[in-house]
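Trainee: The structure file entry_32.csv (CSV, C-alpha atoms and all ligand atoms) is provided below.
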```
chain,number,residue,atom,x,y,z
A,1,MET,CA,-153.9,137.0,-125.9
A,2,ASN,CA,-150.3,135.6,-125.8
A,3,ASP,CA,-148.1,136.2,-122.8
A,4,GLN,CA,-146.2,139.1,-124.3
A,5,ALA,CA,-149.4,140.9,-125.2
A,6,ALA,CA,-150.8,140.3,-121.8
A,7,GLY,CA,-147.6,141.6,-120.2
A,8,ASN,CA,-147.7,144.7,-122.4
A,9,ALA,CA,-151.3,145.4,-121.5
A,10,LYS,CA,-150.4,145.0,-117.8
A,11,ARG,CA,-147.5,147.4,-118.1
A,12,ALA,CA,-149.6,149.9,-120.0
A,13,ARG,CA,-152.1,149.8,-117.2
A,14,PHE,CA,-149.5,150.3,-114.6
A,15,GLN,CA,-148.2,153.3,-116.6
A,16,ALA,CA,-151.7,154.8,-116.7
A,17,LEU,CA,-152.0,154.3,-113.0
A,18,CYS,CA,-148.7,156.1,-112.3
A,19,GLN,CA,-149.7,158.9,-114.5
A,20,ALA,CA,-153.0,159.3,-112.8
A,21,LEU,CA,-151.5,159.3,-109.4
A,22,ARG,CA,-148.4,161.4,-110.1
A,23,PRO,CA,-149.9,164.9,-109.4
A,24,ASP,CA,-151.0,163.8,-105.9
A,25,LEU,CA,-147.7,162.0,-105.3
A,26,LEU,CA,-145.8,165.0,-106.3
A,27,ARG,CA,-147.9,167.2,-104.0
A,28,PHE,CA,-147.3,164.8,-101.1
A,29,ALA,CA,-143.6,164.8,-101.7
A,30,PHE,CA,-143.6,168.5,-101.9
A,31,TRP,CA,-145.3,168.9,-98.5
A,32,LEU,CA,-143.1,166.2,-97.1
A,33,SER,CA,-139.8,167.8,-98.3
A,34,ARG,CA,-140.9,171.4,-98.6
A,35,ASP,CA,-138.6,171.6,-101.7
A,36,HIS,CA,-140.0,171.3,-105.2
A,37,SER,CA,-136.8,170.0,-106.7
A,38,VAL,CA,-136.4,167.4,-104.0
A,39,ALA,CA,-140.0,166.4,-104.5
A,40,GLU,CA,-139.5,165.9,-108.3
A,41,ASP,CA,-136.4,163.8,-107.7
A,42,VAL,CA,-138.1,161.7,-105.0
A,43,VAL,CA,-141.2,161.0,-107.1
A,44,GLN,CA,-139.0,160.2,-110.1
A,45,GLU,CA,-137.0,157.7,-108.0
A,46,THR,CA,-140.2,156.4,-106.6
A,47,MET,CA,-141.7,155.7,-110.0
A,48,LEU,CA,-138.6,153.9,-111.0
A,49,ARG,CA,-138.7,151.7,-107.9
A,50,ALA,CA,-142.4,151.2,-108.3
A,51,TRP,CA,-141.9,150.1,-111.8
A,52,LYS,CA,-139.4,147.5,-110.9
A,53,ALA,CA,-141.5,146.3,-108.0
A,54,GLN,CA,-144.9,146.5,-109.7
A,55,ASP,CA,-145.6,142.8,-109.3
A,56,SER,CA,-145.7,143.3,-105.5
A,57,LEU,CA,-148.7,145.6,-105.9
A,58,ALA,CA,-151.5,143.1,-105.5
A,59,ASP,CA,-154.5,145.5,-105.7
A,60,GLU,CA,-154.7,148.6,-107.7
A,61,ALA,CA,-157.1,150.2,-105.2
A,62,ALA,CA,-154.2,150.1,-102.7
A,63,ALA,CA,-151.8,151.8,-105.1
A,64,LYS,CA,-151.7,155.2,-103.4
A,65,PRO,CA,-150.6,154.0,-100.0
A,66,TRP,CA,-148.1,151.7,-101.7
A,67,PHE,CA,-146.6,154.6,-103.5
A,68,LEU,CA,-146.7,156.9,-100.5
A,69,THR,CA,-144.7,154.4,-98.5
A,70,ILE,CA,-142.1,154.2,-101.2
A,71,ILE,CA,-141.9,158.0,-101.3
A,72,ARG,CA,-141.4,158.3,-97.6
A,73,ARG,CA,-138.6,155.7,-97.8
A,74,GLU,CA,-137.0,157.4,-100.8
A,75,TYR,CA,-137.2,160.8,-99.1
A,76,ALA,CA,-135.6,159.4,-95.9
A,77,ARG,CA,-132.7,158.0,-98.0
A,78,THR,CA,-132.2,161.3,-99.8
A,79,PHE,CA,-132.3,163.1,-96.6
A,80,GLU,CA,-129.8,160.8,-95.0
A,81,ARG,CA,-127.4,161.1,-97.9
A,82,LYS,CA,-127.4,164.9,-97.7
A,83,ARG,CA,-127.0,164.9,-93.9
A,84,PHE,CA,-128.8,168.1,-93.2
A,85,ASP,CA,-127.9,169.1,-89.7
A,86,THR,CA,-130.6,171.7,-89.2
A,87,VAL,CA,-133.6,172.7,-91.2
A,88,ASP,CA,-133.8,176.4,-91.8
A,89,VAL,CA,-137.6,176.9,-92.3
A,90,ASP,CA,-137.2,180.6,-93.3
A,91,ALA,CA,-134.9,179.5,-96.2
A,92,LEU,CA,-137.3,176.8,-97.2
A,93,VAL,CA,-140.2,179.3,-97.3
A,94,ALA,CA,-138.1,181.9,-99.2
A,95,SER,CA,-136.9,179.3,-101.7
A,96,GLU,CA,-140.4,178.1,-102.5
A,97,GLU,CA,-142.1,181.5,-102.2
A,98,PRO,CA,-143.1,181.7,-105.9
A,99,LEU,CA,-144.9,178.4,-105.6
A,100,LEU,CA,-146.5,179.1,-102.2
A,101,ALA,CA,-147.9,182.4,-103.5
A,102,ALA,CA,-148.9,181.4,-107.0
A,103,GLU,CA,-150.9,184.1,-108.6
A,104,GLU,CA,-154.3,182.4,-108.6
A,105,ALA,CA,-154.2,181.6,-104.9
A,106,GLN,CA,-152.9,184.7,-103.1
A,107,ASP,CA,-155.3,184.1,-100.2
A,108,LEU,CA,-153.7,180.7,-99.6
A,109,ALA,CA,-150.1,181.8,-99.5
A,110,GLU,CA,-150.2,182.6,-95.8
A,111,LEU,CA,-151.7,179.2,-95.0
A,112,ARG,CA,-149.1,177.4,-97.2
A,113,ARG,CA,-146.3,179.2,-95.4
A,114,ALA,CA,-147.8,178.1,-92.1
A,115,VAL,CA,-147.9,174.5,-93.2
A,116,PHE,CA,-144.2,174.8,-94.0
A,117,ARG,CA,-143.6,175.9,-90.5
A,118,LEU,CA,-145.3,172.9,-88.9
A,119,PRO,CA,-143.0,170.3,-87.4
A,120,ASP,CA,-142.7,167.1,-89.4
A,121,ASP,CA,-144.6,165.2,-86.7
A,122,TYR,CA,-147.6,167.4,-87.2
A,123,ARG,CA,-147.3,168.2,-90.9
A,124,LEU,CA,-147.2,164.6,-92.1
A,125,PRO,CA,-150.4,163.3,-90.5
A,126,LEU,CA,-152.2,166.5,-91.6
A,127,VAL,CA,-151.1,166.1,-95.2
A,128,LEU,CA,-152.1,162.5,-95.2
A,129,GLN,CA,-155.5,163.3,-93.8
A,130,VAL,CA,-156.4,166.4,-95.8
A,131,LEU,CA,-154.6,165.9,-99.1
A,132,MET,CA,-154.5,162.1,-99.3
A,133,GLY,CA,-157.9,161.4,-97.6
A,134,TYR,CA,-156.4,158.9,-95.1
A,135,THR,CA,-158.5,157.9,-92.1
A,136,THR,CA,-157.1,158.1,-88.6
A,137,ALA,CA,-156.4,154.3,-88.6
A,138,GLU,CA,-154.6,154.5,-92.0
A,139,ILE,CA,-152.4,157.3,-90.8
A,140,ALA,CA,-151.7,155.4,-87.6
A,141,ARG,CA,-150.7,152.3,-89.7
A,142,GLU,CA,-148.5,154.4,-92.0
A,143,LEU,CA,-146.7,156.2,-89.3
A,144,ASP,CA,-146.7,153.4,-86.8
A,145,LEU,CA,-148.5,155.3,-84.1
A,146,SER,CA,-151.6,154.7,-82.0
A,147,ASN,CA,-154.9,156.2,-83.2
A,148,ALA,CA,-154.9,158.4,-80.1
A,149,ALA,CA,-151.5,159.7,-80.9
A,150,VAL,CA,-152.5,160.5,-84.5
A,151,LEU,CA,-155.6,162.4,-83.3
A,152,THR,CA,-153.5,164.4,-80.8
A,153,ARG,CA,-151.0,165.4,-83.6
A,154,LEU,CA,-153.8,166.4,-86.0
A,155,PHE,CA,-155.4,168.5,-83.3
A,156,ARG,CA,-152.1,170.2,-82.5
A,157,ALA,CA,-151.4,170.7,-86.2
A,158,ARG,CA,-154.6,172.6,-86.8
A,159,GLN,CA,-154.2,174.5,-83.6
A,160,GLN,CA,-150.8,175.7,-84.6
A,161,LEU,CA,-151.9,176.5,-88.1
A,162,ARG,CA,-154.8,178.5,-86.8
A,163,VAL,CA,-152.5,180.5,-84.5
A,164,LEU,CA,-149.9,181.0,-87.3
A,165,CYS,CA,-152.7,182.3,-89.6
A,166,GLY,CA,-154.1,184.7,-87.0
A,167,GLU,CA,-157.4,182.9,-86.7
A,168,ASN,CA,-159.5,183.7,-83.7
A,169,THR,CA,-158.5,180.9,-81.3
A,170,ARG,CA,-160.0,182.2,-78.1
A,171,SER,CA,-162.7,179.5,-78.2
A,172,ASP,CA,-160.3,176.7,-78.9
A,173,PRO,CA,-160.0,173.9,-76.4
A,174,GLU,CA,-156.7,173.4,-74.6
B,1,MET,CA,-167.4,176.2,-72.5
B,2,THR,CA,-168.4,172.9,-70.9
B,3,ILE,CA,-166.3,169.7,-70.9
B,4,VAL,CA,-168.5,168.4,-73.7
B,5,CYS,CA,-167.8,171.6,-75.7
B,6,ALA,CA,-164.1,171.1,-75.3
B,7,ALA,CA,-164.3,167.5,-76.3
B,8,TYR,CA,-166.4,168.3,-79.4
B,9,ARG,CA,-164.0,171.1,-80.5
B,10,ARG,CA,-160.9,168.9,-79.9
B,11,SER,CA,-162.5,166.2,-81.9
B,12,ILE,CA,-163.3,168.3,-85.0
B,13,LEU,CA,-159.9,170.0,-84.9
B,14,ALA,CA,-158.4,166.5,-85.1
B,15,ASP,CA,-160.8,165.3,-87.8
B,16,PRO,CA,-163.4,167.8,-89.1
B,17,ARG,CA,-165.1,165.1,-91.1
B,18,ASP,CA,-165.7,162.7,-88.3
B,19,ALA,CA,-166.9,163.6,-84.9
B,20,ASP,CA,-168.7,160.8,-83.1
B,21,LEU,CA,-172.4,160.8,-83.0
B,22,LYS,CA,-172.8,161.9,-79.4
B,23,LEU,CA,-170.5,164.8,-80.0
B,24,ARG,CA,-172.2,165.8,-83.3
B,25,ALA,CA,-175.5,165.8,-81.4
B,26,HIS,CA,-173.9,168.3,-79.0
B,27,ARG,CA,-173.1,170.6,-81.9
B,28,ASP,CA,-176.8,170.7,-82.9
B,29,SER,CA,-177.8,171.8,-79.4
B,30,CYS,CA,-175.0,174.2,-78.6
B,31,ALA,CA,-174.9,177.5,-80.6
B,32,GLU,CA,-171.3,178.3,-79.7
B,33,CYS,CA,-170.1,174.9,-80.9
B,34,ALA,CA,-172.2,175.2,-84.0
B,35,GLU,CA,-170.5,178.5,-84.7
B,36,PHE,CA,-167.1,177.1,-83.9
B,37,SER,CA,-167.7,174.2,-86.3
B,38,GLN,CA,-168.6,176.6,-89.1
B,39,ARG,CA,-165.4,178.4,-88.6
B,40,VAL,CA,-163.4,175.2,-88.6
B,41,ALA,CA,-165.2,174.1,-91.8
B,42,ARG,CA,-164.3,177.3,-93.5
B,43,PHE,CA,-160.7,177.0,-92.4
B,44,GLU,CA,-160.6,173.3,-93.5
B,45,SER,CA,-161.8,174.2,-97.0
B,46,ARG,CA,-159.0,176.8,-97.3
B,47,LEU,CA,-156.5,174.2,-96.0
B,48,ALA,CA,-157.6,171.7,-98.6
B,49,ARG,CA,-157.2,174.2,-101.4
B,50,ALA,CA,-153.8,175.3,-100.0
B,51,LEU,CA,-152.5,171.7,-99.9
B,52,ALA,CA,-153.8,170.9,-103.3
B,53,ILE,CA,-151.2,173.1,-104.9
B,54,ASP,CA,-150.8,172.6,-108.6
B,55,LEU,CA,-147.1,172.1,-108.8
B,56,ASP,CA,-146.9,171.6,-112.6
B,57,ALA,CA,-148.8,174.7,-113.4
B,58,ALA,CA,-147.3,176.8,-110.7
B,59,ALA,CA,-143.8,175.7,-111.5
B,60,GLY,CA,-144.1,176.8,-115.1
B,61,ALA,CA,-144.6,180.3,-114.0
B,62,ALA,CA,-142.4,180.3,-110.9
B,63,ARG,CA,-139.4,178.3,-111.9
B,64,PRO,CA,-137.4,181.0,-113.8
B,65,PHE,CA,-137.4,183.1,-110.6
B,66,ARG,CA,-136.5,180.3,-108.2
B,67,ALA,CA,-133.4,180.8,-106.2
B,68,ARG,CA,-131.7,177.6,-105.2
B,69,ARG,CA,-131.0,177.2,-101.6
B,70,ALA,CA,-127.4,178.0,-100.8
B,71,GLY,CA,-125.3,174.9,-100.4
B,72,SER,CA,-128.0,172.6,-101.7
B,73,GLY,CA,-126.4,169.5,-103.0
B,74,TYR,CA,-129.4,168.5,-105.0
B,75,ARG,CA,-129.3,168.1,-108.7
B,76,GLY,CA,-130.3,171.4,-110.3
B,77,ALA,CA,-133.7,172.8,-111.0
B,78,GLY,CA,-133.6,171.5,-114.5
B,79,VAL,CA,-134.3,168.0,-113.3
B,80,GLY,CA,-138.0,168.6,-112.8
B,81,ARG,CA,-140.1,168.2,-115.8
B,82,ARG,CA,-137.3,167.4,-118.2
B,83,GLY,CA,-135.9,164.7,-116.0
B,84,TRP,CA,-139.3,163.2,-115.8
B,85,MET,CA,-139.7,163.2,-119.5
B,86,ALA,CA,-136.3,161.6,-120.0
B,87,LEU,CA,-137.1,158.9,-117.5
B,88,ALA,CA,-140.4,158.4,-119.2
B,89,ALA,CA,-138.8,158.1,-122.6
B,90,SER,CA,-136.1,155.7,-121.4
B,91,LEU,CA,-138.6,153.5,-119.6
B,92,THR,CA,-140.9,153.4,-122.6
B,93,MET,CA,-138.0,152.4,-124.9
B,94,ALA,CA,-136.6,149.9,-122.5
B,95,ILE,CA,-139.8,148.0,-122.1
B,96,GLY,CA,-141.1,148.4,-125.6
B,97,VAL,CA,-144.5,149.7,-124.7
B,98,ALA,CA,-145.9,152.1,-127.3
B,99,ALA,CA,-144.8,155.6,-126.6
B,100,GLY,CA,-147.5,158.1,-125.6
B,101,LEU,CA,-148.8,157.4,-122.2
B,102,TRP,CA,-145.9,158.7,-120.2
B,103,LEU,CA,-145.2,161.4,-122.7
B,104,ALA,CA,-148.6,163.0,-122.5
B,105,ALA,CA,-147.9,165.8,-120.1
B,106,PRO,CA,-149.0,164.7,-116.6
B,107,ARG,CA,-151.3,167.5,-115.7
B,108,ALA,CA,-153.8,167.5,-112.9
B,109,SER,CA,-157.0,167.3,-115.0
B,110,LEU,CA,-160.4,167.1,-113.5
B,111,ALA,CA,-160.9,163.7,-115.0
B,112,ALA,CA,-157.6,162.5,-113.5
B,113,ASP,CA,-158.6,163.9,-110.1
B,114,VAL,CA,-161.9,162.1,-110.3
B,115,VAL,CA,-160.2,158.8,-111.1
B,116,THR,CA,-157.7,159.3,-108.3
B,117,HIS,CA,-160.5,160.0,-105.9
B,118,MET,CA,-162.2,156.7,-106.9
B,119,ALA,CA,-159.1,154.8,-106.1
B,120,GLU,CA,-159.2,156.1,-102.5
B,121,GLU,CA,-162.7,154.8,-101.8
B,122,PRO,CA,-162.7,151.1,-102.9
B,123,GLN,CA,-165.5,150.3,-100.3
B,124,ALA,CA,-167.9,152.4,-102.4
B,125,TRP,CA,-167.7,150.0,-105.3
B,126,ARG,CA,-169.6,147.1,-103.9
B,127,SER,CA,-172.3,145.5,-106.1
B,128,THR,CA,-175.3,145.4,-103.8
B,129,ASP,CA,-179.1,145.8,-103.7
B,130,VAL,CA,-179.1,147.3,-100.3
B,131,PRO,CA,-179.8,151.0,-100.5
B,132,VAL,CA,-178.0,153.5,-98.3
B,133,SER,CA,-180.0,154.8,-95.4
B,134,SER,CA,-182.3,157.6,-96.4
B,135,ALA,CA,-180.9,159.7,-93.5
B,136,ALA,CA,-177.3,159.3,-94.8
B,137,LEU,CA,-178.4,160.1,-98.3
B,138,GLY,CA,-180.5,163.0,-97.2
B,139,ALA,CA,-177.7,164.5,-95.2
B,140,VAL,CA,-175.3,164.3,-98.2
B,141,LEU,CA,-177.8,165.8,-100.6
B,142,HIS,CA,-179.0,168.4,-98.2
B,143,ASP,CA,-175.5,169.8,-97.9
B,144,ALA,CA,-175.3,170.0,-101.6
B,145,HIS,CA,-178.7,171.7,-101.9
B,146,MET,CA,-180.2,169.0,-104.0
B,147,ARG,CA,-182.7,166.1,-103.9
B,148,LEU,CA,-182.8,163.0,-106.0
B,149,THR,CA,-186.1,161.6,-107.4
B,150,ALA,CA,-186.7,157.8,-107.6
B,151,LYS,CA,-185.7,158.0,-111.2
B,152,ALA,CA,-182.1,157.8,-110.2
B,153,GLY,CA,-182.5,154.2,-109.2
B,154,LEU,CA,-181.0,152.4,-106.2
B,155,VAL,CA,-178.4,154.5,-104.4
B,156,SER,CA,-176.1,152.1,-102.5
B,157,TYR,CA,-173.6,154.6,-101.2
B,158,ALA,CA,-173.5,158.2,-100.3
B,159,ASN,CA,-170.7,160.2,-98.8
B,160,SER,CA,-169.8,163.8,-98.6
B,161,CYS,CA,-166.2,163.9,-99.9
B,162,LEU,CA,-163.5,166.5,-99.9
B,163,PHE,CA,-162.7,167.0,-103.6
B,164,ARG,CA,-160.5,169.9,-104.8
B,165,GLY,CA,-161.2,171.9,-101.7
B,166,HIS,CA,-165.0,171.4,-101.6
B,167,GLN,CA,-167.3,168.9,-99.9
B,168,VAL,CA,-169.1,167.1,-102.8
B,169,PRO,CA,-171.7,164.4,-102.9
B,170,HIS,CA,-170.1,161.1,-103.9
B,171,LEU,CA,-172.9,158.6,-104.7
B,172,VAL,CA,-173.0,155.1,-106.1
B,173,VAL,CA,-176.0,154.1,-108.2
B,174,GLN,CA,-176.6,150.4,-109.0
B,175,SER,CA,-177.3,149.6,-112.7
B,176,ASP,CA,-177.6,146.5,-114.8
B,177,GLY,CA,-174.0,147.0,-115.7
B,178,GLY,CA,-172.9,147.1,-112.0
B,179,PRO,CA,-172.2,150.0,-109.7
B,180,VAL,CA,-171.9,153.4,-111.2
B,181,THR,CA,-170.3,156.3,-109.3
B,182,VAL,CA,-171.7,159.8,-109.5
B,183,MET,CA,-169.9,162.9,-108.2
B,184,VAL,CA,-171.8,166.2,-108.1
B,185,LEU,CA,-169.3,168.9,-108.8
B,186,VAL,CA,-171.1,172.2,-108.3
B,187,HIS,CA,-167.7,174.0,-108.2
B,188,GLU,CA,-166.3,172.5,-111.4
B,189,SER,CA,-167.5,173.9,-114.7
B,190,VAL,CA,-166.7,172.2,-117.9
B,191,PRO,CA,-167.4,173.9,-121.3
B,192,ALA,CA,-168.5,170.7,-122.9
B,193,GLU,CA,-168.9,166.9,-122.2
B,194,VAL,CA,-165.6,165.3,-121.3
B,195,GLN,CA,-165.2,161.6,-121.9
B,196,PHE,CA,-162.4,159.6,-120.4
B,197,ALA,CA,-161.0,156.1,-120.0
B,198,ASP,CA,-158.2,155.9,-117.4
B,199,SER,CA,-156.8,153.3,-115.1
B,200,GLY,CA,-159.6,150.8,-115.7
B,201,TYR,CA,-162.3,153.4,-115.3
B,202,ARG,CA,-164.6,154.8,-118.0
B,203,GLY,CA,-166.5,157.9,-117.4
B,204,VAL,CA,-168.0,161.1,-118.6
B,205,ILE,CA,-168.2,164.7,-117.1
B,206,LEU,CA,-171.3,166.5,-118.1
B,207,PRO,CA,-171.8,170.3,-117.8
B,208,VAL,CA,-174.8,171.2,-115.7
B,209,PRO,CA,-175.7,174.8,-116.5
B,210,GLY,CA,-175.7,176.9,-113.3
B,211,HIS,CA,-174.6,174.0,-111.2
B,212,GLY,CA,-171.1,173.1,-112.4
B,213,SER,CA,-170.9,169.6,-113.6
B,214,ILE,CA,-171.4,165.9,-112.7
B,215,ALA,CA,-168.9,163.1,-113.2
B,216,VAL,CA,-170.2,159.6,-113.8
B,217,LEU,CA,-167.8,156.6,-113.8
B,218,THR,CA,-168.0,152.9,-114.2
B,219,ARG,CA,-165.3,150.4,-113.6
B,220,GLY,CA,-164.7,147.4,-115.9
B,221,ALA,CA,-166.9,146.4,-118.7
B,222,ALA,CA,-169.6,149.1,-119.2
B,223,ASP,CA,-169.3,150.7,-122.7
B,224,ARG,CA,-169.6,154.4,-123.5
B,225,ALA,CA,-173.3,154.2,-124.4
B,226,THR,CA,-174.1,152.7,-121.0
B,227,VAL,CA,-172.2,155.4,-119.2
B,228,GLU,CA,-173.9,158.1,-121.1
B,229,ARG,CA,-177.4,156.6,-120.5
B,230,ILE,CA,-176.8,156.4,-116.8
B,231,ALA,CA,-175.4,159.9,-116.7
B,232,ALA,CA,-178.5,161.2,-118.4
B,233,ARG,CA,-180.7,159.2,-116.0
B,234,VAL,CA,-179.0,160.6,-112.9
B,235,LEU,CA,-179.0,164.1,-114.2
B,236,GLY,CA,-182.7,163.8,-114.9
B,237,ALA,CA,-183.3,162.8,-111.3
B,238,ILE,CA,-181.6,165.7,-109.7
B,239,VAL,CA,-183.8,168.5,-108.2
B,240,TRP,CA,-181.8,171.6,-107.1
B,241,THR,CA,-183.1,173.1,-103.9
B,242,ALA,CA,-181.0,176.3,-104.0
A,301,ZN,ZN,-170.7,173.3,-77.0
A,302,ZN,ZN,-165.6,160.0,-102.3
```
As structure tokens, please, write out the structure in this file.
Mentor:
Amino acid sequence: MNDQAAGNAKRARFQALCQALRPDLLRFAFWLSRDHSVAEDVVQETMLRAWKAQDSLADEAAAKPWFLTIIRREYARTFERKRFDTVDVDALVASEEPLLAAEEAQDLAELRRAVFRLPDDYRLPLVLQVLMGYTTAEIARELDLSNAAVLTRLFRARQQLRVLCGENTRSDPE
Amino acid sequence: MTIVCAAYRRSILADPRDADLKLRAHRDSCAECAEFSQRVARFESRLARALAIDLDAAAGAARPFRARRAGSGYRGAGVGRRGWMALAASLTMAIGVAAGLWLAAPRASLAADVVTHMAEEPQAWRSTDVPVSSAALGAVLHDAHMRLTAKAGLVSYANSCLFRGHQVPHLVVQSDGGPVTVMVLVHESVPAEVQFADSGYRGVILPVPGHGSIAVLTRGAADRATVERIAARVLGAIVWTA
């Protein structure tokens, strides 16, 4: 194979990888930003940056964390640019209501609204764990926290969710 | 509630998949904690489904009714899919790679989700002749109401993984062609055999009447015939216990 053909094959492979990961990356960006349009923009920008930096991805198996880090950085930049002073969660929930209560998943709508209402500090580790399958140590690395801090946040996140969803929490630990 | 009860509950609320052994032993000897852990497991399954929102599908139905947030400075709602396509097209042209890959609608197919899941568990792919402990294998299979006969061959890895909102057995079987991954997808029905080759993986999803489907994947060199042969072997080795 000549150099150009090898380069093309490599790029095609990277494209396929992006395409396979995109649904999860978009979901992650959505729960991060709580805004579908922002999520689309952030993922689009992320793909572009990833494309330019693809040589820095040494191992395909590590692609997901690599992308997630770019997404978080892109989101932070967007957020800074827009200079939101306060976040109005009610407005976020109202704006995304059609998505949160999609027809086939009525029973999940309440839970999705509750996730929107979790503070960033709790929501992000929870999404990394449940949606992206991160271990405690991986979350700790990504968020620059200790394992113990991550576990406390995950515990609090579920506790709050359960309260918001009207679960029976009488037998929860403090 | 004793101190141990509280510690156990705190630990599964932080990570329902991973309580340490001593605490897990407590659950088996404490009826209230066993009940608590059942409730947490049910909640967790709903949470996983809630987070795995299908944005592309949902947005198709929802977008016409979306109200933009007042004062939002973001580019309009039209950016979404169309913007993605435009980006895809421009990238494709700019780099001279044959069109098609990006332009295929990126939808969350079962095969794509299986491939994505594989990428998350690189440690499963080791080539080895050391079988997974029968206790670990037994636990994973028990939860899925199944057994495996020896016909399956050497199982080197067994994990109960969260996949599309359900705990599913994720096994690795060693073959002459290297490690082969098997996911038993009781909750995913497919009308017919699905073959796929994606991101360096080659695989097949086979319908299992009455029990959903199984996905069988290899990485690297194995050809289609090998994948199908191994899929048939594993399928033939499954005994359903419920
Ligand atoms: Zn107890
Ligand atoms: Zn797995």
Trainee: Take CA of Arg233 (chain B) and CA of Ser156 (chain B) and report the distance between them in Å, one decimal.
Mentor: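 According to the coordinates, CA of Arg233 (chain B) and CA of Ser156 (chain B) are separated by 15.9 Å.
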Trainee: Given a cut-off of 12 Å, what residues near ligand ZN 302 (chain A) show up using all atoms listed in the file, put as a PDB file with C-alpha atoms, keeping the file's coordinate frame?
Mentor:
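So the final result, stored in selection.pdb, reads:
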```
ATOM      1  CA  MET A 132    -154.500 162.100 -99.300  1.00  0.00           C
ATOM      2  CA  GLY A 133    -157.900 161.400 -97.600  1.00  0.00           C
ATOM      3  CA  TYR A 134    -156.400 158.900 -95.100  1.00  0.00           C
TER       4      TYR A 134
ATOM      5  CA  ASP B 113    -158.600 163.900-110.100  1.00  0.00           C
ATOM      6  CA  VAL B 114    -161.900 162.100-110.300  1.00  0.00           C
ATOM      7  CA  VAL B 115    -160.200 158.800-111.100  1.00  0.00           C
ATOM      8  CA  THR B 116    -157.700 159.300-108.300  1.00  0.00           C
ATOM      9  CA  HIS B 117    -160.500 160.000-105.900  1.00  0.00           C
ATOM     10  CA  MET B 118    -162.200 156.700-106.900  1.00  0.00           C
ATOM     11  CA  ALA B 119    -159.100 154.800-106.100  1.00  0.00           C
ATOM     12  CA  GLU B 120    -159.200 156.100-102.500  1.00  0.00           C
ATOM     13  CA  GLU B 121    -162.700 154.800-101.800  1.00  0.00           C
ATOM     14  CA  PRO B 122    -162.700 151.100-102.900  1.00  0.00           C
ATOM     15  CA  GLN B 123    -165.500 150.300-100.300  1.00  0.00           C
ATOM     16  CA  ALA B 124    -167.900 152.400-102.400  1.00  0.00           C
ATOM     17  CA  TRP B 125    -167.700 150.000-105.300  1.00  0.00           C
ATOM     18  CA  VAL B 140    -175.300 164.300 -98.200  1.00  0.00           C
ATOM     19  CA  TYR B 157    -173.600 154.600-101.200  1.00  0.00           C
ATOM     20  CA  ALA B 158    -173.500 158.200-100.300  1.00  0.00           C
ATOM     21  CA  ASN B 159    -170.700 160.200 -98.800  1.00  0.00           C
ATOM     22  CA  SER B 160    -169.800 163.800 -98.600  1.00  0.00           C
ATOM     23  CA  CYS B 161    -166.200 163.900 -99.900  1.00  0.00           C
ATOM     24  CA  LEU B 162    -163.500 166.500 -99.900  1.00  0.00           C
ATOM     25  CA  PHE B 163    -162.700 167.000-103.600  1.00  0.00           C
ATOM     26  CA  ARG B 164    -160.500 169.900-104.800  1.00  0.00           C
ATOM     27  CA  HIS B 166    -165.000 171.400-101.600  1.00  0.00           C
ATOM     28  CA  GLN B 167    -167.300 168.900 -99.900  1.00  0.00           C
ATOM     29  CA  VAL B 168    -169.100 167.100-102.800  1.00  0.00           C
ATOM     30  CA  PRO B 169    -171.700 164.400-102.900  1.00  0.00           C
ATOM     31  CA  HIS B 170    -170.100 161.100-103.900  1.00  0.00           C
ATOM     32  CA  LEU B 171    -172.900 158.600-104.700  1.00  0.00           C
ATOM     33  CA  VAL B 172    -173.000 155.100-106.100  1.00  0.00           C
ATOM     34  CA  THR B 181    -170.300 156.300-109.300  1.00  0.00           C
ATOM     35  CA  VAL B 182    -171.700 159.800-109.500  1.00  0.00           C
ATOM     36  CA  MET B 183    -169.900 162.900-108.200  1.00  0.00           C
ATOM     37  CA  VAL B 184    -171.800 166.200-108.100  1.00  0.00           C
ATOM     38  CA  LEU B 185    -169.300 168.900-108.800  1.00  0.00           C
ATOM     39  CA  ALA B 215    -168.900 163.100-113.200  1.00  0.00           C
TER      40      ALA B 215
END
```
Trainee: Looking at only C-alpha atoms, which of A:Asn168, A:Gln19, A:Asn147, A:Thr69 is the one that sits closest to chain B?
Mentor: A:Gln19
Trainee: If I take CA of Trp31 (chain A) and CA of Ala58 (chain A), how far is one from the other in Å, to one decimal?
Mentor: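 Value for the CA of Trp31 (chain A)-CA of Ala58 (chain A) distance: 27.4 Å.
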Trainee: Please identify all residues of chain A having at least one atom at most 7 Å from any atom of chain B, considering all atoms listed in the file, and return them as a PyMOL selection string.
Mentor: chain A and resi 8+12-13+15-17+19-21+23+27+37+40+44+61+95+98-99+102+108+111-112+130-131+151-152+154-155+158+172-173
Trainee: As an exercise, work out the distance from CA of Glu228 (chain B) to CA of Ser175 (chain B) in Å and give it to one decimal place.
Mentor: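 These two atoms are separated by 12.4 Å.
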Trainee: So, counting all atoms listed in the file, which residue among A:Arg73, A:Lys52, A:Glu110, A:Gln129 is closest to Arg162 (chain A)?
Mentor: A:Glu110
